[in-house]
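work-v4.cif follows (mmCIF, C-alpha atoms):
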```cif
data_entry
#
loop_
_atom_site.label_atom_id
_atom_site.label_comp_id
_atom_site.auth_asym_id
_atom_site.auth_seq_id
_atom_site.Cartn_x
_atom_site.Cartn_y
_atom_site.Cartn_z
CA SER V 138 -5.02 13.03 -7.49
CA ASP V 139 -4.27 13.39 -11.22
CA TYR V 140 -0.53 13.24 -10.61
CA ILE V 141 -0.73 10.28 -8.22
CA ILE V 142 -2.92 8.28 -10.60
CA SER V 143 -0.61 9.07 -13.52
CA VAL V 144 2.34 7.72 -11.49
CA LEU V 145 0.31 4.59 -10.67
CA ASN V 146 -0.56 4.09 -14.34
CA ASP V 147 3.07 4.51 -15.42
CA CYS V 148 4.33 2.08 -12.77
CA THR V 149 1.63 -0.48 -13.55
CA ALA V 150 2.35 -0.32 -17.28
CA GLU V 151 6.08 -0.79 -16.70
CA ILE V 152 5.54 -3.71 -14.33
CA LEU V 153 2.98 -5.41 -16.58
CA LEU V 154 5.27 -4.97 -19.59
CA ASP V 155 7.81 -7.15 -17.80
CA GLY V 156 5.15 -9.66 -16.75
CA GLY V 157 5.76 -8.59 -13.21
CA MET V 158 2.40 -9.02 -11.50
CA ASP V 159 0.70 -12.17 -10.30
CA PHE V 160 -2.98 -12.38 -9.45
CA ASP V 161 -3.05 -13.50 -5.84
CA GLY V 162 -6.37 -13.33 -4.04
CA PHE V 163 -7.16 -9.73 -3.16
CA ASP V 164 -3.89 -8.28 -4.42
CA ARG V 165 -1.48 -8.26 -7.27
CA ASN V 166 1.95 -9.09 -6.03
CA ILE V 167 4.92 -7.48 -7.75
CA VAL V 168 7.46 -9.97 -9.03
CA LEU V 169 10.78 -8.45 -8.03
CA PRO V 170 13.87 -8.36 -10.28
CA ASP V 171 16.59 -10.93 -9.60
CA GLY V 172 18.42 -10.09 -6.42
CA TYR V 173 15.72 -7.68 -5.19
CA ASP V 174 14.53 -9.31 -1.99
CA LYS V 175 13.11 -7.98 1.28
CA LYS V 176 16.60 -7.01 2.45
CA GLN V 177 17.15 -4.98 -0.71
CA LEU V 178 13.72 -3.40 -0.29
CA GLN V 179 14.60 -2.22 3.22
CA GLN V 180 17.90 -0.84 1.96
CA SER V 181 16.03 1.07 -0.76
CA VAL V 182 13.61 2.48 1.82
CA SER V 183 16.47 3.62 4.08
CA LYS V 184 18.28 5.17 1.11
CA GLU V 185 15.21 7.13 0.04
CA ILE V 186 14.64 8.49 3.55
CA GLU V 187 18.28 9.56 3.79
CA LYS V 188 18.09 11.30 0.39
CA LYS V 189 15.26 13.52 1.64
CA ASN V 190 17.51 14.72 4.49
CA PHE V 191 14.61 15.64 6.79
CA ASP V 192 16.10 17.45 9.79
CA PHE V 193 13.23 16.36 12.07
CA LEU V 194 14.08 12.65 11.82
CA TYR V 195 16.55 10.96 14.14
CA ASP V 196 19.61 9.29 12.63
CA PHE V 197 18.58 5.82 13.74
CA SER V 198 18.17 2.59 11.78
CA ALA V 199 16.03 -0.35 12.84
CA LYS V 200 16.08 -3.77 11.25
CA ALA V 201 12.81 -5.28 10.03
CA LYS V 202 11.78 -8.66 11.44
CA TYR V 203 8.98 -10.63 9.80
CA THR V 204 6.47 -12.70 11.73
CA PHE V 205 6.95 -16.45 11.84
CA VAL V 206 3.19 -16.92 11.44
CA PRO V 207 1.88 -15.11 8.32
CA GLY V 208 -1.19 -12.98 8.98
CA ILE V 209 -0.92 -12.87 12.77
CA LEU V 210 -0.43 -9.08 13.00
CA SER V 211 -3.08 -8.36 10.34
CA TRP V 212 -5.49 -10.58 12.27
CA MET V 213 -4.97 -8.31 15.28
CA GLY V 214 -5.73 -5.22 13.20
CA PHE V 215 -2.35 -3.89 12.06
CA ASP V 216 0.27 -4.89 9.50
CA GLY V 217 3.39 -3.66 11.24
CA VAL V 218 4.54 -2.25 14.57
CA TYR V 219 7.69 -0.61 15.91
CA PHE V 220 8.87 -1.60 19.40
CA PRO V 221 11.05 1.27 20.73
CA LEU V 222 12.51 -0.74 23.62
CA LEU V 223 13.76 -3.45 21.25
CA GLY V 224 14.54 -1.15 18.32
CA GLU V 225 12.76 -3.54 15.94
CA LEU V 226 10.33 -3.13 13.09
CA ASN V 227 7.92 -6.07 13.22
CA ILE V 228 6.20 -6.70 9.89
CA ASP V 229 3.50 -9.23 9.07
CA SER V 230 5.07 -11.74 6.68
CA SER V 231 1.82 -12.05 4.70
CA ILE V 232 2.06 -8.49 3.31
CA LYS V 233 2.43 -8.41 -0.48
CA THR V 234 5.40 -6.65 -2.05
CA GLY V 235 3.20 -3.97 -3.58
CA ASN V 236 2.09 -2.84 -0.12
CA LEU V 237 5.30 -3.65 1.73
CA ALA V 238 7.38 -0.65 0.65
CA VAL V 239 4.99 1.92 2.15
CA LEU V 240 4.60 -0.17 5.30
CA LEU V 241 8.38 -0.48 5.75
CA THR V 242 8.78 3.26 5.16
CA HIS V 243 5.99 4.00 7.64
CA GLU V 244 7.50 1.89 10.43
CA THR V 245 11.02 3.19 9.70
CA ILE V 246 9.77 6.76 10.14
CA HIS V 247 8.28 5.75 13.50
CA ALA V 248 11.71 4.42 14.47
CA LYS V 249 13.21 7.78 13.53
CA GLY V 250 11.00 9.66 15.98
CA ILE V 251 7.65 10.49 14.37
CA LEU V 252 4.81 8.91 16.37
CA ASN V 253 1.76 10.63 14.86
CA GLU V 254 0.09 8.14 12.50
CA GLU V 255 -1.25 10.68 9.98
CA GLN V 256 2.08 12.51 9.68
CA THR V 257 3.95 9.20 9.39
CA GLU V 258 1.66 7.84 6.68
CA PHE V 259 1.84 11.07 4.68
CA LEU V 260 5.64 11.04 4.79
CA ALA V 261 5.78 7.35 3.86
CA GLN V 262 3.56 7.84 0.81
CA TYR V 263 5.41 10.99 -0.25
CA ILE V 264 8.83 9.34 0.01
CA CYS V 265 7.71 6.31 -1.98
CA VAL V 266 5.87 8.24 -4.71
CA MET V 267 8.90 10.50 -5.26
CA SER V 268 11.39 7.61 -5.32
CA ASP V 269 13.42 6.51 -8.34
CA ASP V 270 12.75 2.91 -7.32
CA LEU V 271 9.89 1.34 -9.33
CA VAL V 272 8.68 -0.87 -6.46
CA LEU V 273 8.58 2.05 -4.04
CA ARG V 274 6.80 4.29 -6.58
CA TYR V 275 4.17 1.64 -7.30
CA SER V 276 3.56 0.99 -3.60
CA GLY V 277 3.37 4.70 -2.78
CA SER V 278 1.08 5.64 -5.67
CA TYR V 279 -1.21 2.65 -5.07
CA THR V 280 -1.61 3.48 -1.38
CA ALA V 281 -1.94 7.22 -1.98
CA THR V 282 -4.58 6.66 -4.69
CA ILE V 283 -6.74 4.73 -2.22
CA TYR V 284 -6.36 7.43 0.45
CA LEU V 285 -7.18 10.23 -2.00
CA LEU V 286 -10.18 8.47 -3.58
CA LYS V 287 -11.67 7.58 -0.19
CA ASN V 288 -11.65 11.27 0.78
CA LEU V 289 -12.83 12.41 -2.66
CA LYS V 290 -15.74 9.95 -2.61
CA ASN V 291 -17.05 11.51 0.60
CA ALA V 292 -16.67 15.05 -0.76
CA ASP V 293 -17.78 14.71 -4.42
CA TYR V 294 -18.98 11.34 -5.70
CA MET V 295 -19.01 12.37 -9.38
CA ALA V 296 -15.42 13.62 -9.14
CA TYR V 297 -14.48 10.35 -7.44
CA GLN V 298 -15.96 8.33 -10.33
CA SER V 299 -14.13 10.48 -12.85
CA GLN V 300 -10.78 10.00 -11.11
CA LEU V 301 -11.35 6.27 -10.58
CA ASN V 302 -11.91 5.80 -14.32
CA LYS V 303 -8.47 7.28 -14.99
CA ILE V 304 -6.86 4.10 -13.61
CA GLN V 305 -6.03 2.35 -16.86
CA ASP V 306 -5.58 -1.27 -15.79
CA GLU V 307 -9.04 -2.84 -15.41
CA TYR V 308 -8.21 -5.22 -12.58
CA LEU V 309 -6.39 -2.52 -10.63
CA ARG V 310 -9.35 -0.16 -11.10
CA LEU V 311 -11.74 -2.79 -9.71
CA ARG V 312 -9.35 -3.53 -6.86
CA VAL V 313 -9.07 0.14 -5.87
CA ALA V 314 -12.86 0.58 -6.11
CA TYR V 315 -13.36 -2.43 -3.87
CA VAL V 316 -10.96 -1.13 -1.23
CA VAL V 317 -12.46 2.38 -1.32
CA ASN V 318 -16.09 1.25 -1.18
CA TYR V 319 -16.24 -2.01 0.69
CA GLN V 320 -13.10 -3.13 2.48
CA GLU V 321 -12.75 -2.42 6.16
CA LYS V 322 -9.48 -2.91 7.99
CA THR V 323 -9.31 -6.57 8.91
CA GLY V 324 -8.64 -7.51 12.49
CA VAL V 325 -9.83 -9.52 15.45
CA LEU V 326 -11.80 -6.57 16.84
CA GLN V 327 -12.96 -5.29 13.44
CA ASN V 328 -14.92 -6.48 10.43
CA GLU V 329 -13.37 -9.48 8.73
CA LEU V 330 -12.94 -9.61 4.96
CA ILE V 331 -15.08 -12.27 3.31
CA PRO V 332 -12.77 -14.66 1.38
CA GLY V 333 -13.36 -14.37 -2.37
CA ALA V 334 -15.49 -11.23 -2.05
CA LEU V 335 -13.63 -9.26 -4.72
CA GLU V 336 -13.65 -12.16 -7.17
CA MET V 337 -17.38 -12.65 -6.55
CA LEU V 338 -18.12 -8.96 -7.23
CA ILE V 339 -16.12 -9.03 -10.48
CA SER V 340 -17.88 -12.21 -11.65
CA LEU V 341 -21.34 -10.82 -10.88
CA LYS V 342 -20.56 -7.51 -12.57
CA ASN V 343 -19.28 -9.29 -15.71
CA ALA V 344 -22.44 -11.41 -15.75
CA GLY V 345 -24.59 -8.30 -15.62
CA SER V 346 -26.02 -9.09 -12.19
CA LEU V 347 -24.57 -5.92 -10.70
CA SER V 348 -25.50 -3.48 -13.42
CA THR V 349 -26.59 -0.90 -10.84
CA LEU V 350 -23.49 -1.31 -8.67
CA SER V 351 -20.86 1.37 -9.08
CA LEU V 352 -17.38 -0.19 -9.01
#
```
Could you rewrite the structure in this file as structure tokens?
Amino acid sequence: SDYIISVLNDCTAEILLDGGMDFDGFDRNIVLPDGYDKKQLQQSVSKEIEKKNFDFLYDFSAKAKYTFVPGILSWMGFDGVYFPLLGELNIDSSIKTGNLAVLLTHETIHAKGILNEEQTEFLAQYICVMSDDLVLRYSGSYTATIYLLKNLKNADYMAYQSQLNKIQDEYLRLRVAYVVNYQEKTGVLQNELIPGALEMLISLKNAGSLSTLSL
């Protein structure tokens, strides 16, 4: 996890240096460079997958389509889905840019023949973390950090705390801690996220009301 967190710190510092993050509810959304839109992001994802030249992936490209109603897929418990019969990647239009790159990579890998969720997610994070593209690297390292810290917390809580504290940006550290400790996957059949919960935790902690809470 040291390497992944160091990549996350480097990406965050570079993005913040350019004033490239906006506070937006539960997430920081990356402000993309001029001309870098969702179409460019998908092209970058496809390019990175091709560069890896994995011989177990089919040579097939699917175009991403975004939901007309933001949040509808997330409400049902997933952020994206690949429909093989239509050859389409369907992505929830509410997904922030910082999370979108890994999600696009994940669904693109499904379209190229890998159906196992764990294998697909590992490949998506690996491809993004190893990319030369800043947006992909940030998305991959952010997602991978959460996965790693969730597993580390269950195995060795002290080691988890030590690794968490290596995240240099204070807000990002609190955000990751919140996701690891409290956030369940939102969805109609699953626990819903309480609006403003993260902001409330931060306010209470700053006021000293949560002095015994480990964030």
Distance query Leu260 in chain V at most 10 Å, only C-alpha atoms, self and fewer than 2 positions along chain excluded, as a PyMOL selection string: chain V and resi 186+239+242-243+246+251+254-258+262-266
Expansion of the PyMOL selection byres ((chain V and resi 226) around 6) into residues, as a list in words: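 That selection, the PyMOL selection byres ((chain V and resi 226) around 6), comes back as Ala201, Lys202, Tyr219, Glu225 and Asn227 of chain V.
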Within 10 Å of Glu185 in chain V, counting only C-alpha atoms, which residues show up once you throw out same-chain ones fewer than 3 positions away? Write them as a list in words, please.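 Once the adjacent positions are removed, what remains is Gln179, Gln180, Ser181, Val182, Lys188, Lys189, Asn190, Thr242, Ile264, Cys265, Met267, Ser268, Asp269, Asp270 and Leu273 of chain V.
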Report as a PyMOL selection string the residues that result from applying the PyMOL selection byres ((chain V and resi 271) around 12) to the structure here. chain V and resi 144-152+157+167-170+173+178+181-182+234-235+238+265-270+272-279
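If you look at CA of Ala314 in chain V and CA of Ala292 in chain V, they are 15.9 Å away from each other.
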I want to know what sits within 10 Å of Pro221 in chain V, based on all atoms listed in the file, with residues of the same chain fewer than 3 positions away left out; could you give that as JSON, numbers by chain? {"V": [199, 218, 224, 225, 226, 247, 248, 249, 250]}
Rounded to one decimal place, report the CA of Lys200 in chain V-CA of Gly217 in chain V distance in Å.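 That distance, rounded to one decimal, is 12.7 Å.
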Calculate how many Å separate CA of Tyr297 in chain V from CA of Ile141 in chain V, rounding to one decimal.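 CA of Ile141 in chain V lies at a distance of 13.8 Å from CA of Tyr297 in chain V.
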The PyMOL selection byres ((chain V and resi 208) around 7) on the file shown: which residues, as an MDAnalysis selection string? chainID V and resid 206:207 209:212 229:231
Can you spit out the residues from that selection as an mmCIF file, keeping the file's coordinate frame, using C-alpha atoms?
```cif
data_model
loop_
_atom_site.group_PDB
_atom_site.id
_atom_site.type_symbol
_atom_site.label_atom_id
_atom_site.label_comp_id
_atom_site.auth_asym_id
_atom_site.auth_seq_id
_atom_site.Cartn_x
_atom_site.Cartn_y
_atom_site.Cartn_z
ATOM 1 C CA VAL V 206 3.190 -16.920 11.440
ATOM 2 C CA PRO V 207 1.880 -15.110 8.320
ATOM 3 C CA ILE V 209 -0.920 -12.870 12.770
ATOM 4 C CA LEU V 210 -0.430 -9.080 13.000
ATOM 5 C CA SER V 211 -3.080 -8.360 10.340
ATOM 6 C CA TRP V 212 -5.490 -10.580 12.270
ATOM 7 C CA ASP V 229 3.500 -9.230 9.070
ATOM 8 C CA SER V 230 5.070 -11.740 6.680
ATOM 9 C CA SER V 231 1.820 -12.050 4.700
#
```
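Ranking V:Phe215, V:Tyr319, V:Phe259, V:Tyr308 by their shortest atom-to-atom distance to Leu285 in chain V, with all atoms listed in the file included, puts V:Phe259 first.
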Which one of V:Leu194, V:Leu286, V:Val317, V:Ile142 sits closest to Thr245 in chain V if you count all atoms listed in the file?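 Among the listed residues, the smallest separation from Thr245 in chain V belongs to V:Leu194.
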Here is a test: counting only C-alpha atoms, which residue of V:Met213, V:Val313, V:Ala261, V:Ile228 is nearest to Lys287 in chain V?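 Looking at the shortest contact to Lys287 in chain V, the residue is V:Val313.
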Just write range 178-225 of chain V with N, CA and C atoms, as a PDB file, in the first residue's frame, taken from the block above.
```pdb
ATOM      1  N   LEU V 178     -11.729  11.010 -22.072  1.00  0.00           N
ATOM      2  CA  LEU V 178     -11.442  10.068 -20.994  1.00  0.00           C
ATOM      3  C   LEU V 178     -11.588   8.634 -21.476  1.00  0.00           C
ATOM      4  N   GLN V 179     -12.650   8.348 -22.241  1.00  0.00           N
ATOM      5  CA  GLN V 179     -12.830   7.001 -22.768  1.00  0.00           C
ATOM      6  C   GLN V 179     -11.722   6.639 -23.750  1.00  0.00           C
ATOM      7  N   GLN V 180     -11.294   7.600 -24.554  1.00  0.00           N
ATOM      8  CA  GLN V 180     -10.189   7.340 -25.477  1.00  0.00           C
ATOM      9  C   GLN V 180      -8.906   7.017 -24.711  1.00  0.00           C
ATOM     10  N   SER V 181      -8.681   7.729 -23.603  1.00  0.00           N
ATOM     11  CA  SER V 181      -7.491   7.479 -22.785  1.00  0.00           C
ATOM     12  C   SER V 181      -7.547   6.088 -22.157  1.00  0.00           C
ATOM     13  N   VAL V 182      -8.737   5.691 -21.710  1.00  0.00           N
ATOM     14  CA  VAL V 182      -8.910   4.354 -21.136  1.00  0.00           C
ATOM     15  C   VAL V 182      -8.615   3.284 -22.187  1.00  0.00           C
ATOM     16  N   SER V 183      -9.191   3.429 -23.377  1.00  0.00           N
ATOM     17  CA  SER V 183      -8.971   2.455 -24.447  1.00  0.00           C
ATOM     18  C   SER V 183      -7.495   2.377 -24.836  1.00  0.00           C
ATOM     19  N   LYS V 184      -6.839   3.528 -24.882  1.00  0.00           N
ATOM     20  CA  LYS V 184      -5.418   3.586 -25.229  1.00  0.00           C
ATOM     21  C   LYS V 184      -4.574   2.855 -24.204  1.00  0.00           C
ATOM     22  N   GLU V 185      -4.892   3.051 -22.915  1.00  0.00           N
ATOM     23  CA  GLU V 185      -4.109   2.399 -21.859  1.00  0.00           C
ATOM     24  C   GLU V 185      -4.281   0.886 -21.895  1.00  0.00           C
ATOM     25  N   ILE V 186      -5.502   0.422 -22.156  1.00  0.00           N
ATOM     26  CA  ILE V 186      -5.739  -1.021 -22.243  1.00  0.00           C
ATOM     27  C   ILE V 186      -4.963  -1.613 -23.416  1.00  0.00           C
ATOM     28  N   GLU V 187      -4.989  -0.916 -24.537  1.00  0.00           N
ATOM     29  CA  GLU V 187      -4.260  -1.396 -25.722  1.00  0.00           C
ATOM     30  C   GLU V 187      -2.757  -1.444 -25.470  1.00  0.00           C
ATOM     31  N   LYS V 188      -2.226  -0.474 -24.753  1.00  0.00           N
ATOM     32  CA  LYS V 188      -0.787  -0.430 -24.463  1.00  0.00           C
ATOM     33  C   LYS V 188      -0.335  -1.637 -23.662  1.00  0.00           C
ATOM     34  N   LYS V 189      -1.218  -2.158 -22.805  1.00  0.00           N
ATOM     35  CA  LYS V 189      -0.839  -3.316 -21.980  1.00  0.00           C
ATOM     36  C   LYS V 189      -0.770  -4.588 -22.811  1.00  0.00           C
ATOM     37  N   ASN V 190      -1.492  -4.621 -23.933  1.00  0.00           N
ATOM     38  CA  ASN V 190      -1.411  -5.745 -24.878  1.00  0.00           C
ATOM     39  C   ASN V 190      -1.681  -7.094 -24.199  1.00  0.00           C
ATOM     40  N   PHE V 191      -2.716  -7.146 -23.366  1.00  0.00           N
ATOM     41  CA  PHE V 191      -3.098  -8.402 -22.714  1.00  0.00           C
ATOM     42  C   PHE V 191      -3.674  -9.348 -23.761  1.00  0.00           C
ATOM     43  N   ASP V 192      -3.091 -10.557 -23.855  1.00  0.00           N
ATOM     44  CA  ASP V 192      -3.548 -11.487 -24.885  1.00  0.00           C
ATOM     45  C   ASP V 192      -4.836 -12.209 -24.511  1.00  0.00           C
ATOM     46  N   PHE V 193      -5.338 -11.999 -23.289  1.00  0.00           N
ATOM     47  CA  PHE V 193      -6.575 -12.660 -22.870  1.00  0.00           C
ATOM     48  C   PHE V 193      -7.803 -11.755 -23.047  1.00  0.00           C
ATOM     49  N   LEU V 194      -7.608 -10.561 -23.596  1.00  0.00           N
ATOM     50  CA  LEU V 194      -8.723  -9.658 -23.840  1.00  0.00           C
ATOM     51  C   LEU V 194      -9.088  -9.647 -25.322  1.00  0.00           C
ATOM     52  N   TYR V 195     -10.389  -9.654 -25.590  1.00  0.00           N
ATOM     53  CA  TYR V 195     -10.854  -9.590 -26.977  1.00  0.00           C
ATOM     54  C   TYR V 195     -10.595  -8.200 -27.560  1.00  0.00           C
ATOM     55  N   ASP V 196     -10.373  -8.161 -28.860  1.00  0.00           N
ATOM     56  CA  ASP V 196     -10.186  -6.894 -29.564  1.00  0.00           C
ATOM     57  C   ASP V 196     -11.553  -6.335 -29.931  1.00  0.00           C
ATOM     58  N   PHE V 197     -12.216  -5.782 -28.925  1.00  0.00           N
ATOM     59  CA  PHE V 197     -13.573  -5.261 -29.109  1.00  0.00           C
ATOM     60  C   PHE V 197     -13.709  -3.947 -28.361  1.00  0.00           C
ATOM     61  N   SER V 198     -14.339  -2.966 -28.992  1.00  0.00           N
ATOM     62  CA  SER V 198     -14.530  -1.666 -28.356  1.00  0.00           C
ATOM     63  C   SER V 198     -16.019  -1.375 -28.227  1.00  0.00           C
ATOM     64  N   ALA V 199     -16.409  -0.927 -27.053  1.00  0.00           N
ATOM     65  CA  ALA V 199     -17.803  -0.566 -26.794  1.00  0.00           C
ATOM     66  C   ALA V 199     -17.871   0.901 -26.401  1.00  0.00           C
ATOM     67  N   LYS V 200     -18.875   1.581 -26.884  1.00  0.00           N
ATOM     68  CA  LYS V 200     -19.031   2.997 -26.594  1.00  0.00           C
ATOM     69  C   LYS V 200     -19.819   3.184 -25.302  1.00  0.00           C
ATOM     70  N   ALA V 201     -19.358   4.117 -24.471  1.00  0.00           N
ATOM     71  CA  ALA V 201     -20.050   4.408 -23.210  1.00  0.00           C
ATOM     72  C   ALA V 201     -21.265   5.290 -23.463  1.00  0.00           C
ATOM     73  N   LYS V 202     -22.376   4.934 -22.823  1.00  0.00           N
ATOM     74  CA  LYS V 202     -23.575   5.767 -22.845  1.00  0.00           C
ATOM     75  C   LYS V 202     -23.908   6.125 -21.393  1.00  0.00           C
ATOM     76  N   TYR V 203     -24.230   7.390 -21.167  1.00  0.00           N
ATOM     77  CA  TYR V 203     -24.498   7.871 -19.814  1.00  0.00           C
ATOM     78  C   TYR V 203     -25.999   8.017 -19.595  1.00  0.00           C
ATOM     79  N   THR V 204     -26.432   7.687 -18.399  1.00  0.00           N
ATOM     80  CA  THR V 204     -27.862   7.698 -18.098  1.00  0.00           C
ATOM     81  C   THR V 204     -28.449   9.096 -18.209  1.00  0.00           C
ATOM     82  N   PHE V 205     -29.672   9.156 -18.705  1.00  0.00           N
ATOM     83  CA  PHE V 205     -30.373  10.438 -18.826  1.00  0.00           C
ATOM     84  C   PHE V 205     -30.725  10.985 -17.444  1.00  0.00           C
ATOM     85  N   VAL V 206     -31.034  10.077 -16.517  1.00  0.00           N
ATOM     86  CA  VAL V 206     -31.371  10.467 -15.140  1.00  0.00           C
ATOM     87  C   VAL V 206     -30.160  10.195 -14.247  1.00  0.00           C
ATOM     88  N   PRO V 207     -29.479  11.239 -13.749  1.00  0.00           N
ATOM     89  CA  PRO V 207     -28.313  11.029 -12.884  1.00  0.00           C
ATOM     90  C   PRO V 207     -28.701  10.278 -11.610  1.00  0.00           C
ATOM     91  N   GLY V 208     -27.890   9.284 -11.251  1.00  0.00           N
ATOM     92  CA  GLY V 208     -28.095   8.559 -10.005  1.00  0.00           C
ATOM     93  C   GLY V 208     -28.980   7.341 -10.095  1.00  0.00           C
ATOM     94  N   ILE V 209     -29.595   7.092 -11.249  1.00  0.00           N
ATOM     95  CA  ILE V 209     -30.549   5.989 -11.346  1.00  0.00           C
ATOM     96  C   ILE V 209     -29.880   4.626 -11.182  1.00  0.00           C
ATOM     97  N   LEU V 210     -28.697   4.441 -11.793  1.00  0.00           N
ATOM     98  CA  LEU V 210     -28.002   3.154 -11.648  1.00  0.00           C
ATOM     99  C   LEU V 210     -27.456   2.993 -10.237  1.00  0.00           C
ATOM    100  N   SER V 211     -26.874   4.062  -9.674  1.00  0.00           N
ATOM    101  CA  SER V 211     -26.348   3.997  -8.311  1.00  0.00           C
ATOM    102  C   SER V 211     -27.455   3.685  -7.318  1.00  0.00           C
ATOM    103  N   TRP V 212     -28.649   4.229  -7.564  1.00  0.00           N
ATOM    104  CA  TRP V 212     -29.796   3.950  -6.701  1.00  0.00           C
ATOM    105  C   TRP V 212     -30.138   2.465  -6.704  1.00  0.00           C
ATOM    106  N   MET V 213     -29.895   1.799  -7.829  1.00  0.00           N
ATOM    107  CA  MET V 213     -30.179   0.370  -7.927  1.00  0.00           C
ATOM    108  C   MET V 213     -29.028  -0.484  -7.415  1.00  0.00           C
ATOM    109  N   GLY V 214     -27.901   0.145  -7.038  1.00  0.00           N
ATOM    110  CA  GLY V 214     -26.833  -0.614  -6.403  1.00  0.00           C
ATOM    111  C   GLY V 214     -25.584  -0.810  -7.229  1.00  0.00           C
ATOM    112  N   PHE V 215     -25.508  -0.203  -8.415  1.00  0.00           N
ATOM    113  CA  PHE V 215     -24.298  -0.304  -9.223  1.00  0.00           C
ATOM    114  C   PHE V 215     -24.125   0.988 -10.007  1.00  0.00           C
ATOM    115  N   ASP V 216     -22.874   1.268 -10.382  1.00  0.00           N
ATOM    116  CA  ASP V 216     -22.562   2.536 -11.054  1.00  0.00           C
ATOM    117  C   ASP V 216     -22.466   2.406 -12.564  1.00  0.00           C
ATOM    118  N   GLY V 217     -22.251   1.198 -13.035  1.00  0.00           N
ATOM    119  CA  GLY V 217     -22.137   0.963 -14.462  1.00  0.00           C
ATOM    120  C   GLY V 217     -22.469  -0.483 -14.784  1.00  0.00           C
ATOM    121  N   VAL V 218     -22.854  -0.739 -16.023  1.00  0.00           N
ATOM    122  CA  VAL V 218     -23.177  -2.105 -16.435  1.00  0.00           C
ATOM    123  C   VAL V 218     -22.907  -2.244 -17.928  1.00  0.00           C
ATOM    124  N   TYR V 219     -22.419  -3.424 -18.312  1.00  0.00           N
ATOM    125  CA  TYR V 219     -22.181  -3.713 -19.728  1.00  0.00           C
ATOM    126  C   TYR V 219     -23.254  -4.669 -20.230  1.00  0.00           C
ATOM    127  N   PHE V 220     -23.948  -4.277 -21.302  1.00  0.00           N
ATOM    128  CA  PHE V 220     -24.957  -5.128 -21.925  1.00  0.00           C
ATOM    129  C   PHE V 220     -24.355  -5.792 -23.155  1.00  0.00           C
ATOM    130  N   PRO V 221     -24.016  -7.093 -23.081  1.00  0.00           N
ATOM    131  CA  PRO V 221     -23.364  -7.776 -24.213  1.00  0.00           C
ATOM    132  C   PRO V 221     -24.195  -7.766 -25.491  1.00  0.00           C
ATOM    133  N   LEU V 222     -25.517  -7.928 -25.365  1.00  0.00           N
ATOM    134  CA  LEU V 222     -26.354  -8.010 -26.566  1.00  0.00           C
ATOM    135  C   LEU V 222     -26.379  -6.696 -27.334  1.00  0.00           C
ATOM    136  N   LEU V 223     -26.246  -5.580 -26.601  1.00  0.00           N
ATOM    137  CA  LEU V 223     -26.262  -4.263 -27.242  1.00  0.00           C
ATOM    138  C   LEU V 223     -24.854  -3.734 -27.506  1.00  0.00           C
ATOM    139  N   GLY V 224     -23.857  -4.343 -26.849  1.00  0.00           N
ATOM    140  CA  GLY V 224     -22.484  -3.868 -26.999  1.00  0.00           C
ATOM    141  C   GLY V 224     -22.284  -2.473 -26.443  1.00  0.00           C
ATOM    142  N   GLU V 225     -22.977  -2.156 -25.334  1.00  0.00           N
ATOM    143  CA  GLU V 225     -22.928  -0.817 -24.762  1.00  0.00           C
ATOM    144  C   GLU V 225     -22.456  -0.835 -23.319  1.00  0.00           C
TER     145      GLU V 225
END
```
